[in-house]
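Undergrad: Here it is, the structure, as structure tokens.
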Amino acid sequence: MSTKESTPKRDTIDQLYSLIANEEDARVCKDIPEEACREVPRNFFLILASNVLTKLGDLLISPKTVLAWLMSAVGAPALVAWLVPIRESGSMVPQMVIAAWVRRRAVRKWFWTLGSFGQAASVVAMAASVWFLEGYAAGGGIVAALVVFSLARGFCSVSMKDVQGKCIPKTRRGRLSGLASTLGGTATVILTALLFWDRGDPTLGFYALLLLLAAAFWIIAGFLFAGVDEYQGETGGGGNAMSEAIKSLSLLRDDVPFRNFVITRALLLGSALASPYFVVLAQKESDTGWMLGVFLLASSLASSLSASFWGWAADTSSRKVMIRSGAMASGICLVVGVTALLLGTDIGSVWFYPIAFFVLGIAHAGVRLGRKTYLVDMAGGNKRTDYTAVSNTVIGILLLATGGLTALISLVSEVAVILVLGLMGLAGMLSAMRLKEVTDS
């Protein structure tokens with residue numbers, strides 16, 4: 001590790017970190033080596049800035065909103081159904097193989113940096129498809145670029161938890177994620193207002209510039225993350241990546257706490273899968289163009305207003321965060337489903353679905369922060385990388401299966417899908433109650 005002398009800049013960073021740590025001993029170093037303590041404040045803010053920038057990029061290419069609108073704009077509406085499954089599962093399913101590669105390197109921040117640059121290149125390809133192609137050729141180009149985007153994101157997902165686990169101490173990881181979501185959410189509220197306020201239906205040129213702006217965010221984030229001071233850690237898995245990946249699956253059989261966590265995470269998928277159906281029901285009631293901006297703002301506000309709260313709470317008990325946010329997600333899905341079932345999908349208020357979407361966004365922020373913090377805290381060393389890769393791969397496969405099931409149910413009724421996902425979330429909350437506490441007080 002470096003032994004840089006104290007400078008005014010470093011002192012300022014340390015003071016800001018002390019305010020965020022909110023205790024006398026801001027240099028508390030639980031679950032990381034003593035030699036890594038000195039760089040914690042600087043690493044904290046570098047990782048924070050990188051996460052905020054990628055969250056801004058995520059807003060600008062959201063498959064639930066922006067890319068779905070864009071598919072219709074270029075004349076390829078039938079491809080909308082592929083956006084969310086590819087975006088989510090494409091980054092999860094290959095992660096056991098990716099993790100085998102990551103394990104061989106003592107310093108793993110470069111996987112995140114290259115993954116960020118890969119996402120930027122993919123988004124540039126999307127912009128080129130919008131600008132130079134049309135119809136299903138443009139839509140196909142966007143989908144192909146999204147596949148590459150998701151694979152690059154897989155490298156970021158595996159390496160981020162490992163780098164964060166090595167560079168940020170326990171009881172500080174949840175608030176790092178929460179603060180990143182809060183700052184990212186606040187910035188996206190401002191950015192959404194600037195980009196969409198009183199613009200009517202966006203042109204294709206507007207969408208292309210939007211995508212290029214998102215690519216710029218990922219490039220800057222990659223350079224910032226490259227500056228993280230990461231000490232060398234354990235290495236392993238020197239054999240064939242595929243055989244190492246298959247071997248990692250034994251965790252589901254042999255590691256009971258981890259298996260219970262994966263079951264809980266799978267049951268809590270409803271908080272992510274239900275939100276598009278809220279949008280679908282809202283579009284049936286009102287198809288005005290300004291609804292896109294409303295849902296983007298609802299998503300951003302939900303993250304910015306709740307993420308820090310969930311993050312601080314996760315540092316106390318990530319298990320309780322999963323229980324409470326799972327209950328909230330299940331509750332709002334059941335309320336919306338039962339209300340629509342009894343009164344019809346045309347509720348009579350244009351704000352009913354955006355408000356419900358907002359509440360679900362708060363719940364989903366809690367589910368994400370709770371399960372991420374729980375996973376990082378329950379393991380160490382190479383096991384953390386294996387846990388991340390195996391759980392993400394399994395969840396990616398289950399996400400595709402659940403997406404196919406909900407697609408079939410939606411042929412009958414979108415309301416039925418919301419009710420099923422609400423019941424699934426209820427089961428996830430009960431499953432979370434069975435988990436052991438992993439956060440040290």
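Chain labels run A, B, ... following the order of the structure tokens; each chain numbers its residues from 1, and ligands are numbered from 1 in the order shown.
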Please provide as a list of chain:residue names all residues within 10 Å of range 69-78 of chain A, with the sequence filter that same-chain residues fewer than 4 positions apart are discarded (counting only C-alpha atoms).
TA: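 Using only C-alpha atoms, the neighbours found are A:Ile61, A:Ser62, A:Pro63, A:Lys64, A:Thr65, A:Trp82, A:Leu83, A:Ser129, A:Val130, A:Trp131, A:Leu133, A:Glu134, A:Gly135, A:Tyr136, A:Ala137, A:Ala138, A:Gly139, A:Gly140, A:Ile142, A:Val143, A:Asp201, A:Pro202, A:Thr203, A:Leu204, A:Tyr207, A:Ala208, A:Gly289, A:Leu292.
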Undergrad: Quick one: residues within 8 Å of Gly184 in chain A, only C-alpha atoms counted, chain neighbours fewer than 2 positions away excluded, as a list in words?
TA: Asn51, Val52, Leu53, Lys55, Leu56, Ala180, Ser181, Thr182, Thr186, Ala187, Thr188, Ser300, Ser303 and Ser304 of chain A
Undergrad: Take the residues from that selection and put them in a file with C-alpha atoms, as a short mmCIF file (atom, residue, chain, number, x, y, z; two decimals), in the first residue's frame.
TA:
```
data_model
loop_
_atom_site.label_atom_id
_atom_site.label_comp_id
_atom_site.auth_asym_id
_atom_site.auth_seq_id
_atom_site.Cartn_x
_atom_site.Cartn_y
_atom_site.Cartn_z
CA ASN A 51 -21.31 4.40 -8.83
CA VAL A 52 -23.13 7.73 -9.15
CA LEU A 53 -21.99 8.15 -12.76
CA LYS A 55 -26.45 5.19 -12.09
CA LEU A 56 -26.88 8.27 -14.29
CA ALA A 180 -24.45 6.38 -4.17
CA SER A 181 -28.12 5.63 -4.83
CA THR A 182 -29.24 8.82 -3.10
CA THR A 186 -31.02 13.19 -6.94
CA ALA A 187 -28.84 13.82 -10.01
CA THR A 188 -31.23 11.85 -12.21
CA SER A 300 -35.29 8.68 -9.47
CA SER A 303 -33.98 5.99 -5.09
CA SER A 304 -32.76 9.39 -3.90
#
```
Undergrad: Report the distance between CA of Gly422 in chain A and CA of Ala327 in chain A in Å, rounded to one decimal place.
TA: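 Computing the Euclidean distance for CA of Gly422 in chain A and CA of Ala327 in chain A yields 9.2 Å.
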Undergrad: Between CA of Leu210 in chain A and CA of Leu60 in chain A, measure the distance and give it in Å to one decimal.
TA: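 Distance reported for this atom pair: 6.5 Å.
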Undergrad: For Gly174 in chain A, work out the shell of residues within 12 Å, counting only C-alpha atoms and skipping chain neighbours fewer than 3 positions away, then give it as number ranges by chain.
TA: A: 20-21, 44, 48, 161, 164-165, 168-171, 177-181, 307-318, 321, 365-366, 368-377, 439
Undergrad: Write the selection just made, keeping C-alpha atoms, as a PDB file, in the first residue's frame?
TA:
```
ATOM      1  CA  ILE A  20     -20.326  10.258   6.628  1.00  0.00           C
ATOM      2  CA  ALA A  21     -18.988   7.629   9.064  1.00  0.00           C
ATOM      3  CA  PHE A  44     -14.756   5.413  -0.540  1.00  0.00           C
ATOM      4  CA  LEU A  48     -18.930   6.501  -4.713  1.00  0.00           C
ATOM      5  CA  LYS A 161     -18.367  -6.556  -4.577  1.00  0.00           C
ATOM      6  CA  GLN A 164     -15.596  -3.058  -2.155  1.00  0.00           C
ATOM      7  CA  GLY A 165     -15.139  -5.931   0.295  1.00  0.00           C
ATOM      8  CA  ILE A 168     -14.353  -0.646   2.434  1.00  0.00           C
ATOM      9  CA  PRO A 169     -14.823  -1.975   6.001  1.00  0.00           C
ATOM     10  CA  LYS A 170     -17.915  -3.655   7.373  1.00  0.00           C
ATOM     11  CA  THR A 171     -20.578  -1.232   8.698  1.00  0.00           C
ATOM     12  CA  SER A 177     -24.282   1.920  -1.630  1.00  0.00           C
ATOM     13  CA  GLY A 178     -27.061   3.972  -0.073  1.00  0.00           C
ATOM     14  CA  LEU A 179     -25.277   7.291  -0.553  1.00  0.00           C
ATOM     15  CA  ALA A 180     -24.454   6.383  -4.169  1.00  0.00           C
ATOM     16  CA  SER A 181     -28.120   5.632  -4.834  1.00  0.00           C
ATOM     17  CA  ALA A 307     -31.446   4.638  -0.544  1.00  0.00           C
ATOM     18  CA  SER A 308     -29.384   6.294   2.191  1.00  0.00           C
ATOM     19  CA  PHE A 309     -31.959   5.261   4.788  1.00  0.00           C
ATOM     20  CA  TRP A 310     -31.833   1.672   3.549  1.00  0.00           C
ATOM     21  CA  GLY A 311     -28.027   1.815   3.387  1.00  0.00           C
ATOM     22  CA  TRP A 312     -27.595   2.970   6.979  1.00  0.00           C
ATOM     23  CA  ALA A 313     -30.182   0.416   8.099  1.00  0.00           C
ATOM     24  CA  ALA A 314     -28.340  -2.339   6.205  1.00  0.00           C
ATOM     25  CA  ASP A 315     -25.157  -1.577   8.153  1.00  0.00           C
ATOM     26  CA  THR A 316     -27.146  -2.419  11.303  1.00  0.00           C
ATOM     27  CA  SER A 317     -29.043  -5.414   9.900  1.00  0.00           C
ATOM     28  CA  SER A 318     -29.197  -6.178   6.178  1.00  0.00           C
ATOM     29  CA  VAL A 321     -33.833  -4.489   5.494  1.00  0.00           C
ATOM     30  CA  ALA A 365     -34.135   0.039  -3.427  1.00  0.00           C
ATOM     31  CA  GLY A 366     -34.337  -1.653  -0.028  1.00  0.00           C
ATOM     32  CA  ARG A 368     -31.293  -4.367  -3.653  1.00  0.00           C
ATOM     33  CA  LEU A 369     -29.290  -2.703  -0.878  1.00  0.00           C
ATOM     34  CA  GLY A 370     -30.274  -5.309   1.688  1.00  0.00           C
ATOM     35  CA  ARG A 371     -29.302  -8.341  -0.375  1.00  0.00           C
ATOM     36  CA  LYS A 372     -26.089  -6.702  -1.708  1.00  0.00           C
ATOM     37  CA  THR A 373     -24.881  -5.779   1.775  1.00  0.00           C
ATOM     38  CA  TYR A 374     -25.894  -9.181   3.154  1.00  0.00           C
ATOM     39  CA  LEU A 375     -23.909 -10.983   0.442  1.00  0.00           C
ATOM     40  CA  VAL A 376     -20.752  -8.896   0.960  1.00  0.00           C
ATOM     41  CA  ASP A 377     -20.907  -9.285   4.760  1.00  0.00           C
ATOM     42  CA  THR A 439     -23.747  -7.701  10.278  1.00  0.00           C
TER      43      THR A 439
END
```
Undergrad: Report the distance between CA of Phe149 in chain A and CA of Gln119 in chain A in Å, rounded to one decimal place.
TA: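 Atom-to-atom, CA of Phe149 in chain A and CA of Gln119 in chain A are spaced 4.8 Å apart.
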